[in-house]
file work.cif (mmCIF, C-alpha atoms)
data_structure
#
loop_
_atom_site.group_PDB
_atom_site.id
_atom_site.type_symbol
_atom_site.label_atom_id
_atom_site.label_comp_id
_atom_site.auth_asym_id
_atom_site.auth_seq_id
_atom_site.Cartn_x
_atom_site.Cartn_y
_atom_site.Cartn_z
ATOM 1 C CA MET A 1 103.268 -3.028 161.532
ATOM 2 C CA GLY A 2 101.561 -3.201 158.200
ATOM 3 C CA GLY A 3 103.467 -2.625 155.000
ATOM 4 C CA VAL A 4 103.012 0.451 152.808
ATOM 5 C CA SER A 5 100.885 -0.275 149.775
ATOM 6 C CA THR A 6 102.098 0.283 146.232
ATOM 7 C CA ALA A 7 99.385 2.901 145.794
ATOM 8 C CA GLU A 8 100.643 4.784 148.851
ATOM 9 C CA ARG A 9 104.250 4.611 147.614
ATOM 10 C CA ASP A 10 103.231 5.927 144.203
ATOM 11 C CA ARG A 11 100.906 8.672 145.433
ATOM 12 C CA VAL A 12 103.487 11.369 146.224
ATOM 13 C CA PRO A 13 105.564 10.908 143.060
ATOM 14 C CA LYS A 14 102.366 11.011 140.991
ATOM 15 C CA GLN A 15 101.295 14.189 142.767
ATOM 16 C CA ASP A 16 104.721 15.682 142.112
ATOM 17 C CA ARG A 17 104.496 14.741 138.444
ATOM 18 C CA SER A 18 101.018 16.206 138.227
ATOM 19 C CA ARG A 19 102.162 19.499 139.774
ATOM 20 C CA ALA A 20 105.166 19.622 137.435
ATOM 21 C CA THR A 21 102.930 19.038 134.397
ATOM 22 C CA ARG A 22 100.531 21.765 135.526
ATOM 23 C CA GLN A 23 103.445 24.160 136.034
ATOM 24 C CA ARG A 24 104.832 23.409 132.550
ATOM 25 C CA LEU A 25 101.420 24.049 131.011
ATOM 26 C CA LEU A 26 101.056 27.401 132.769
ATOM 27 C CA GLU A 27 104.569 28.476 131.765
ATOM 28 C CA ALA A 28 103.870 27.401 128.181
ATOM 29 C CA ALA A 29 100.547 29.270 128.172
ATOM 30 C CA VAL A 30 102.272 32.474 129.275
ATOM 31 C CA ALA A 31 105.051 32.045 126.697
ATOM 32 C CA CYS A 32 102.528 31.367 123.920
ATOM 33 C CA LEU A 33 100.519 34.454 124.855
ATOM 34 C CA ALA A 34 103.652 36.598 124.809
ATOM 35 C CA GLU A 35 104.744 35.252 121.419
ATOM 36 C CA HIS A 36 101.517 34.490 119.556
ATOM 37 C CA GLY A 37 98.760 36.436 121.311
ATOM 38 C CA TRP A 38 95.361 35.056 122.244
ATOM 39 C CA ALA A 39 94.340 33.894 118.772
ATOM 40 C CA GLY A 40 97.454 31.743 118.334
ATOM 41 C CA SER A 41 97.437 30.257 121.825
ATOM 42 C CA THR A 42 95.224 27.190 121.591
ATOM 43 C CA VAL A 43 95.303 24.285 124.041
ATOM 44 C CA SER A 44 97.049 22.161 121.402
ATOM 45 C CA VAL A 45 99.771 24.761 120.842
ATOM 46 C CA VAL A 46 100.312 25.151 124.591
ATOM 47 C CA ALA A 47 100.380 21.381 125.149
ATOM 48 C CA GLU A 48 102.956 20.912 122.380
ATOM 49 C CA ARG A 49 105.146 23.649 123.821
ATOM 50 C CA ALA A 50 104.866 22.109 127.283
ATOM 51 C CA GLY A 51 105.818 18.699 125.929
ATOM 52 C CA VAL A 52 102.607 16.986 127.015
ATOM 53 C CA SER A 53 99.718 15.437 125.126
ATOM 54 C CA ARG A 54 96.530 17.372 124.488
ATOM 55 C CA GLY A 55 94.735 14.805 126.628
ATOM 56 C CA ALA A 56 97.088 15.457 129.550
ATOM 57 C CA ALA A 57 96.549 19.199 129.137
ATOM 58 C CA GLN A 58 92.781 18.759 129.172
ATOM 59 C CA HIS A 59 93.033 16.586 132.276
ATOM 60 C CA HIS A 60 94.401 19.623 134.127
ATOM 61 C CA PHE A 61 92.453 22.269 132.207
ATOM 62 C CA PRO A 62 89.328 20.878 130.494
ATOM 63 C CA THR A 63 88.726 24.040 128.447
ATOM 64 C CA ARG A 64 90.805 26.820 126.938
ATOM 65 C CA GLU A 65 89.132 29.263 129.336
ATOM 66 C CA ASP A 66 90.161 27.086 132.306
ATOM 67 C CA LEU A 67 93.766 27.090 131.100
ATOM 68 C CA PHE A 68 94.019 30.818 130.546
ATOM 69 C CA THR A 69 92.060 31.746 133.657
ATOM 70 C CA ALA A 70 94.722 29.801 135.576
ATOM 71 C CA ALA A 71 97.387 31.522 133.471
ATOM 72 C CA VAL A 72 95.980 34.916 134.531
ATOM 73 C CA GLU A 73 96.530 34.024 138.179
ATOM 74 C CA TYR A 74 99.964 32.582 137.417
ATOM 75 C CA VAL A 75 101.077 35.738 135.588
ATOM 76 C CA ALA A 76 99.761 37.919 138.417
ATOM 77 C CA GLU A 77 101.614 35.889 141.030
ATOM 78 C CA GLU A 78 104.825 35.822 139.007
ATOM 79 C CA ARG A 79 104.681 39.593 138.541
ATOM 80 C CA SER A 80 104.174 40.037 142.287
ATOM 81 C CA THR A 81 107.102 37.718 142.984
ATOM 82 C CA ALA A 82 109.303 39.662 140.551
ATOM 83 C CA LEU A 83 108.316 42.898 142.303
ATOM 84 C CA ARG A 84 109.128 41.567 145.755
ATOM 85 C CA ALA A 85 112.480 40.270 144.491
ATOM 86 C CA LEU A 86 113.632 43.607 143.032
ATOM 87 C CA PHE A 87 115.594 44.720 146.089
ATOM 88 C CA PRO A 88 115.506 41.970 148.720
ATOM 89 C CA GLN A 89 117.829 43.974 150.988
ATOM 90 C CA GLY A 90 115.853 47.191 150.537
ATOM 91 C CA ALA A 91 116.191 50.015 148.037
ATOM 92 C CA ALA A 92 119.640 50.869 146.773
ATOM 93 C CA GLY A 93 119.255 54.560 147.731
ATOM 94 C CA ASP A 94 119.520 55.633 144.096
ATOM 95 C CA ARG A 95 116.067 56.499 142.769
ATOM 96 C CA ARG A 96 117.200 56.148 139.168
ATOM 97 C CA VAL A 97 118.068 52.488 139.892
ATOM 98 C CA VAL A 98 114.606 51.969 141.392
ATOM 99 C CA VAL A 99 112.821 53.676 138.487
ATOM 100 C CA SER A 100 114.847 51.647 135.981
ATOM 101 C CA ALA A 101 114.022 48.379 137.783
ATOM 102 C CA LEU A 102 110.298 49.188 137.813
ATOM 103 C CA VAL A 103 110.353 50.084 134.111
ATOM 104 C CA ASP A 104 112.163 46.832 133.329
ATOM 105 C CA LEU A 105 109.251 44.899 134.865
ATOM 106 C CA TYR A 106 106.898 46.549 132.387
ATOM 107 C CA THR A 107 109.062 45.813 129.367
ATOM 108 C CA GLY A 108 109.683 42.113 130.105
ATOM 109 C CA PRO A 109 107.880 38.953 128.968
ATOM 110 C CA LEU A 110 105.552 38.748 131.984
ATOM 111 C CA PHE A 111 104.049 42.143 131.225
ATOM 112 C CA ARG A 112 103.840 41.262 127.521
ATOM 113 C CA ALA A 113 101.834 38.159 128.448
ATOM 114 C CA ALA A 114 99.654 40.249 130.770
ATOM 115 C CA LEU A 115 98.914 42.653 127.909
ATOM 116 C CA HIS A 116 97.696 39.800 125.744
ATOM 117 C CA LEU A 117 95.501 38.649 128.607
ATOM 118 C CA TRP A 118 93.995 42.138 128.835
ATOM 119 C CA VAL A 119 93.188 42.107 125.129
ATOM 120 C CA ALA A 120 91.695 38.615 125.388
ATOM 121 C CA ALA A 121 89.673 39.590 128.458
ATOM 122 C CA SER A 122 88.122 42.528 126.601
ATOM 123 C CA ASN A 123 86.414 39.993 124.320
ATOM 124 C CA GLU A 124 86.059 36.970 126.610
ATOM 125 C CA GLU A 125 83.362 37.280 129.273
ATOM 126 C CA GLN A 126 84.769 34.364 131.309
ATOM 127 C CA LEU A 127 88.221 35.925 131.538
ATOM 128 C CA ARG A 128 87.294 39.560 132.129
ATOM 129 C CA PRO A 129 86.273 39.469 135.831
ATOM 130 C CA ARG A 130 89.323 37.405 136.792
ATOM 131 C CA VAL A 131 91.738 39.604 134.846
ATOM 132 C CA THR A 132 90.175 42.770 136.293
ATOM 133 C CA GLU A 133 90.364 41.441 139.844
ATOM 134 C CA LEU A 134 93.965 40.248 139.607
ATOM 135 C CA GLU A 135 95.203 43.344 137.774
ATOM 136 C CA ALA A 136 93.725 45.494 140.531
ATOM 137 C CA ARG A 137 95.586 43.410 143.106
ATOM 138 C CA VAL A 138 98.877 43.576 141.205
ATOM 139 C CA GLY A 139 98.385 47.317 140.682
ATOM 140 C CA ARG A 140 97.913 47.940 144.407
ATOM 141 C CA GLU A 141 100.946 45.841 145.267
ATOM 142 C CA THR A 142 103.085 47.525 142.610
ATOM 143 C CA HIS A 143 102.154 50.945 143.947
ATOM 144 C CA ARG A 144 102.852 49.920 147.546
ATOM 145 C CA ILE A 145 106.261 48.458 146.694
ATOM 146 C CA ALA A 146 107.166 51.485 144.556
ATOM 147 C CA VAL A 147 106.369 53.773 147.501
ATOM 148 C CA GLU A 148 108.558 51.681 149.799
ATOM 149 C CA LEU A 149 111.486 51.499 147.373
ATOM 150 C CA LEU A 150 111.376 55.207 146.633
ATOM 151 C CA GLY A 151 111.051 56.183 150.298
ATOM 152 C CA ALA A 152 108.010 58.265 149.400
ATOM 153 C CA ASP A 153 105.684 59.861 151.952
ATOM 154 C CA GLU A 154 102.230 59.849 150.396
ATOM 155 C CA SER A 155 100.850 62.147 153.076
ATOM 156 C CA GLU A 156 102.697 64.938 151.237
ATOM 157 C CA PRO A 157 100.722 66.750 148.491
ATOM 158 C CA GLY A 158 101.366 65.404 145.003
ATOM 159 C CA VAL A 159 103.537 62.456 146.051
ATOM 160 C CA ARG A 160 100.919 59.755 145.476
ATOM 161 C CA GLU A 161 100.103 61.178 142.049
ATOM 162 C CA THR A 162 103.793 61.367 141.149
ATOM 163 C CA VAL A 163 104.354 57.709 142.053
ATOM 164 C CA GLN A 164 101.220 56.699 140.132
ATOM 165 C CA GLY A 165 102.425 58.759 137.173
ATOM 166 C CA LEU A 166 105.705 56.841 137.253
ATOM 167 C CA LEU A 167 103.847 53.521 137.056
ATOM 168 C CA ASP A 168 101.550 54.806 134.291
ATOM 169 C CA MET A 169 104.636 55.955 132.394
ATOM 170 C CA ALA A 170 106.280 52.548 132.875
ATOM 171 C CA ARG A 171 103.137 50.860 131.562
ATOM 172 C CA GLY A 172 103.205 53.143 128.522
ATOM 173 C CA LEU A 173 106.825 52.214 127.842
ATOM 174 C CA GLY A 174 105.789 48.568 128.082
ATOM 175 C CA LEU A 175 103.141 49.149 125.431
ATOM 176 C CA ALA A 176 105.611 50.962 123.176
ATOM 177 C CA ASN A 177 108.062 48.097 123.636
ATOM 178 C CA LEU A 178 105.631 45.754 121.872
ATOM 179 C CA LEU A 179 106.424 47.506 118.613
ATOM 180 C CA THR A 180 110.034 48.589 118.994
ATOM 181 C CA ASP A 181 112.800 48.270 121.552
ATOM 182 C CA ASP A 182 113.953 51.871 121.938
ATOM 183 C CA GLN A 183 116.293 51.416 124.884
ATOM 184 C CA GLY A 184 118.065 54.747 124.391
ATOM 185 C CA ARG A 185 114.858 56.761 124.629
ATOM 186 C CA ARG A 186 113.718 54.654 127.568
ATOM 187 C CA GLU A 187 116.920 55.410 129.473
ATOM 188 C CA ARG A 188 116.443 59.148 128.933
ATOM 189 C CA VAL A 189 112.848 58.943 130.159
ATOM 190 C CA VAL A 190 113.969 56.964 133.220
ATOM 191 C CA ALA A 191 116.599 59.605 134.032
ATOM 192 C CA GLN A 192 114.024 62.403 133.749
ATOM 193 C CA TRP A 193 111.483 60.623 135.945
ATOM 194 C CA ALA A 194 114.125 59.886 138.565
ATOM 195 C CA ALA A 195 114.984 63.613 138.619
ATOM 196 C CA LEU A 196 111.291 64.551 138.917
ATOM 197 C CA LEU A 197 110.843 62.121 141.789
ATOM 198 C CA ASP A 198 113.922 63.444 143.535
ATOM 199 C CA GLY A 199 112.568 66.966 143.250
ATOM 200 C CA THR A 200 109.066 66.093 144.453
ATOM 201 C CA LEU A 201 110.218 63.944 147.350
ATOM 202 C CA ARG A 202 112.893 66.443 148.393
ATOM 203 C CA GLU A 203 110.315 69.224 148.515
ATOM 204 C CA GLY A 204 108.254 67.137 150.921
ATOM 205 C CA THR A 205 111.285 66.571 153.136
ATOM 206 C CA LEU A 206 112.107 70.313 153.189
ATOM 207 C CA ARG A 207 108.545 71.191 154.226
ATOM 208 C CA ASP A 208 108.908 68.877 157.205
#

call {"tool": "encode", "arguments": {"input": "work.cif", "output": "structure tokens"}}
result
Amino acid sequence: MGGVSTAERDRVPKQDRSRATRQRLLEAAVACLAEHGWAGSTVSVVAERAGVSRGAAQHHFPTREDLFTAAVEYVAEERSTALRALFPQGAAGDRRVVVSALVDLYTGPLFRAALHLWVAASNEEQLRPRVTELEARVGRETHRIAVELLGADESEPGVRETVQGLLDMARGLGLANLLTDDQGRRERVVAQWAALLDGTLREGTLRD
């Protein structure tokens, strides 16, 4: 039996290190976007935050557009993962808890980073198609999961629009949260939307 070469022994650890470096760069890119916006998120700033050299960053992402196009996909996937993890055992049965959890997703750092990507994409031709495509995918998944968690029957009149209104409202609260953290007002809005959902969904059940 032939021996294993040094190159073969080193290949997997090097691949692991390469994946870890790429992951750190993506996480740093998202954090920089959330904190500094597009203008302040250069490859050098991201590399420094990730603890790698600019050369190492450019090995993985030769251009700024390459880095942030990958960051778009990373943010989209992380948001989808956060959605799927909301209630791993199913909805808690309390619609206010579900509404509050959905709103929290829109007021956290992942959504803040996504907002900066939207702004950047409005001015960057290379980013715009990718952001549009991934946001559409995340939007569809968010709606589907919201329907499941709320136990909503979209065949009933007005239910689909009510769920979509909830998500639009949550997005609006996320935008407002960029300027000020008004948790008290947000809690009152969440309570009202939970009551509206209860009323709309109960009406559908009674008609059945």

call {"tool": "residues_around", "arguments": {"input": "work.cif", "residues": "A:Ala34", "least_positions_apart": "3", "cutoff": "8 Å", "atoms": "only C-alpha atoms", "output": "PDB file with C-alpha atoms, in the frame of the given file"}}
result
ATOM      1  CA  VAL A  30     102.272  32.474 129.275  1.00  0.00           C
ATOM      2  CA  ALA A  31     105.051  32.045 126.697  1.00  0.00           C
ATOM      3  CA  GLY A  37      98.760  36.436 121.311  1.00  0.00           C
ATOM      4  CA  PRO A 109     107.880  38.953 128.968  1.00  0.00           C
ATOM      5  CA  LEU A 110     105.552  38.748 131.984  1.00  0.00           C
ATOM      6  CA  ARG A 112     103.840  41.262 127.521  1.00  0.00           C
ATOM      7  CA  ALA A 113     101.834  38.159 128.448  1.00  0.00           C
ATOM      8  CA  HIS A 116      97.696  39.800 125.744  1.00  0.00           C
TER       9      HIS A 116
END

call {"tool": "closest_residue", "arguments": {"input": "work.cif", "among": "A:Leu127, A:Ala50, A:Leu201, A:Leu196", "to": "A:Asp153", "atoms": "only C-alpha atoms"}}
result
A:Leu201

call {"tool": "atom_distance", "arguments": {"input": "work.cif", "atom1": "atom CA of A:Asp182", "atom2": "atom CA of A:Ser100"}}
result
14.1 Å

call {"tool": "resolve_selection", "arguments": {"input": "work.cif", "expression": "the PyMOL selection byres ((chain A and resi 29) around 12)", "output": "PyMOL selection string"}}
result
chain A and resi 22-28+30-38+40-50+57+61+64-75+110+113-114+116-117

call {"tool": "closest_residue", "arguments": {"input": "work.cif", "among": "A:Arg171, A:Arg202, A:Arg140, A:Arg185", "to": "A:Gly108", "atoms": "all atoms listed in the file"}}
result
A:Arg171

call {"tool": "resolve_selection", "arguments": {"input": "work.cif", "expression": "the PyMOL selection byres ((chain A and resi 139) around 12)", "output": "number ranges by chain"}}
result
A: 76-77, 79-80, 83, 106, 131-138, 140-146, 164, 167-168, 171

call {"tool": "write_last_selection", "arguments": {"input": "work.cif", "atoms": "C-alpha atoms", "output": "mmCIF file, in the coordinates of the input"}}
result
data_model
loop_
_atom_site.group_PDB
_atom_site.id
_atom_site.type_symbol
_atom_site.label_atom_id
_atom_site.label_comp_id
_atom_site.auth_asym_id
_atom_site.auth_seq_id
_atom_site.Cartn_x
_atom_site.Cartn_y
_atom_site.Cartn_z
ATOM 1 C CA ALA A 76 99.761 37.919 138.417
ATOM 2 C CA GLU A 77 101.614 35.889 141.030
ATOM 3 C CA ARG A 79 104.681 39.593 138.541
ATOM 4 C CA SER A 80 104.174 40.037 142.287
ATOM 5 C CA LEU A 83 108.316 42.898 142.303
ATOM 6 C CA TYR A 106 106.898 46.549 132.387
ATOM 7 C CA VAL A 131 91.738 39.604 134.846
ATOM 8 C CA THR A 132 90.175 42.770 136.293
ATOM 9 C CA GLU A 133 90.364 41.441 139.844
ATOM 10 C CA LEU A 134 93.965 40.248 139.607
ATOM 11 C CA GLU A 135 95.203 43.344 137.774
ATOM 12 C CA ALA A 136 93.725 45.494 140.531
ATOM 13 C CA ARG A 137 95.586 43.410 143.106
ATOM 14 C CA VAL A 138 98.877 43.576 141.205
ATOM 15 C CA ARG A 140 97.913 47.940 144.407
ATOM 16 C CA GLU A 141 100.946 45.841 145.267
ATOM 17 C CA THR A 142 103.085 47.525 142.610
ATOM 18 C CA HIS A 143 102.154 50.945 143.947
ATOM 19 C CA ARG A 144 102.852 49.920 147.546
ATOM 20 C CA ILE A 145 106.261 48.458 146.694
ATOM 21 C CA ALA A 146 107.166 51.485 144.556
ATOM 22 C CA GLN A 164 101.220 56.699 140.132
ATOM 23 C CA LEU A 167 103.847 53.521 137.056
ATOM 24 C CA ASP A 168 101.550 54.806 134.291
ATOM 25 C CA ARG A 171 103.137 50.860 131.562
#

call {"tool": "atom_distance", "arguments": {"input": "work.cif", "atom1": "atom CA of A:Leu102", "atom2": "atom CA of A:Ala170"}}
result
7.2 Å

call {"tool": "closest_residue", "arguments": {"input": "work.cif", "among": "A:Val97, A:Ala39, A:Ala195, A:Leu179", "to": "A:Val119", "atoms": "only C-alpha atoms"}}
result
A:Ala39

call {"tool": "atom_distance", "arguments": {"input": "work.cif", "atom1": "atom CA of A:Val52", "atom2": "atom CA of A:Ala120"}}
result
24.3 Å

call {"tool": "residues_around", "arguments": {"input": "work.cif", "residues": "A:Val98", "least_positions_apart": "6", "cutoff": "12 Å", "atoms": "all atoms listed in the file", "output": "ChimeraX atom specification"}}
result
/A:83,86-87,90-92,104-105,145-151,163,166-167,170,190-191,193-195,197-198

call {"tool": "axis_aligned_box", "arguments": {"input": "work.cif", "around": "stretch 21-37 of chain A", "padding_each_side": "3 Å", "output": "JSON"}}
result
{"center_x": 101.9, "center_y": 27.8, "center_z": 127.8, "size_x": 12.3, "size_y": 23.6, "size_z": 22.5}

call {"tool": "closest_residue", "arguments": {"input": "work.cif", "among": "A:Gly199, A:Ala101, A:Gly172, A:Arg17", "to": "A:Ala152", "atoms": "all atoms listed in the file"}}
result
A:Gly199

call {"tool": "build_atoms", "arguments": {"input": "work.cif", "residues": "stretch 132-158 of chain A", "atoms": "N, CA and C atoms", "output": "compact mmCIF listing (two decimals), in the frame of the given file"}}
result
# COMPACT_ATOMS: atom_id res chain seq x y z
N THR A 132 90.40 41.49 135.62
CA THR A 132 90.18 42.77 136.29
C THR A 132 90.54 42.69 137.77
N GLU A 133 90.10 41.62 138.41
CA GLU A 133 90.36 41.44 139.84
C GLU A 133 91.86 41.32 140.12
N LEU A 134 92.54 40.49 139.35
CA LEU A 134 93.96 40.25 139.61
C LEU A 134 94.82 41.45 139.22
N GLU A 135 94.45 42.15 138.15
CA GLU A 135 95.20 43.34 137.77
C GLU A 135 95.08 44.43 138.84
N ALA A 136 93.90 44.52 139.44
CA ALA A 136 93.72 45.49 140.53
C ALA A 136 94.63 45.14 141.70
N ARG A 137 94.72 43.84 142.00
CA ARG A 137 95.59 43.41 143.11
C ARG A 137 97.05 43.68 142.80
N VAL A 138 97.49 43.33 141.58
CA VAL A 138 98.88 43.58 141.21
C VAL A 138 99.17 45.08 141.19
N GLY A 139 98.20 45.87 140.72
CA GLY A 139 98.38 47.32 140.68
C GLY A 139 98.58 47.90 142.07
N ARG A 140 97.77 47.45 143.02
CA ARG A 140 97.91 47.94 144.41
C ARG A 140 99.27 47.55 144.99
N GLU A 141 99.67 46.31 144.72
CA GLU A 141 100.95 45.84 145.27
C GLU A 141 102.12 46.57 144.62
N THR A 142 102.02 46.80 143.31
CA THR A 142 103.08 47.52 142.61
C THR A 142 103.24 48.93 143.19
N HIS A 143 102.11 49.59 143.40
CA HIS A 143 102.15 50.94 143.95
C HIS A 143 102.77 50.93 145.35
N ARG A 144 102.34 49.99 146.17
CA ARG A 144 102.85 49.92 147.55
C ARG A 144 104.36 49.69 147.55
N ILE A 145 104.83 48.77 146.73
CA ILE A 145 106.26 48.46 146.69
C ILE A 145 107.05 49.63 146.13
N ALA A 146 106.49 50.31 145.11
CA ALA A 146 107.17 51.48 144.56
C ALA A 146 107.33 52.56 145.63
N VAL A 147 106.30 52.77 146.42
CA VAL A 147 106.37 53.77 147.50
C VAL A 147 107.47 53.41 148.48
N GLU A 148 107.53 52.13 148.85
CA GLU A 148 108.56 51.68 149.80
C GLU A 148 109.96 51.86 149.22
N LEU A 149 110.16 51.44 147.98
CA LEU A 149 111.49 51.50 147.37
C LEU A 149 111.96 52.94 147.17
N LEU A 150 111.02 53.81 146.88
CA LEU A 150 111.38 55.21 146.63
C LEU A 150 111.48 56.02 147.93
N GLY A 151 111.05 55.44 149.04
CA GLY A 151 111.05 56.18 150.30
C GLY A 151 110.11 57.36 150.25
N ALA A 152 108.96 57.16 149.61
CA ALA A 152 108.01 58.26 149.40
C ALA A 152 107.03 58.37 150.56
N ASP A 153 106.68 59.58 150.92
CA ASP A 153 105.68 59.86 151.95
C ASP A 153 104.42 60.36 151.27
N GLU A 154 103.43 59.49 151.16
CA GLU A 154 102.23 59.85 150.40
C GLU A 154 101.30 60.80 151.14
N SER A 155 101.64 61.13 152.38
CA SER A 155 100.85 62.15 153.08
C SER A 155 101.18 63.55 152.55
N GLU A 156 102.29 63.66 151.83
CA GLU A 156 102.70 64.94 151.24
C GLU A 156 101.92 65.19 149.94
N PRO A 157 101.49 66.44 149.71
CA PRO A 157 100.72 66.75 148.49
C PRO A 157 101.49 66.38 147.22
N GLY A 158 100.80 65.71 146.32
CA GLY A 158 101.37 65.40 145.00
C GLY A 158 102.23 64.16 144.93
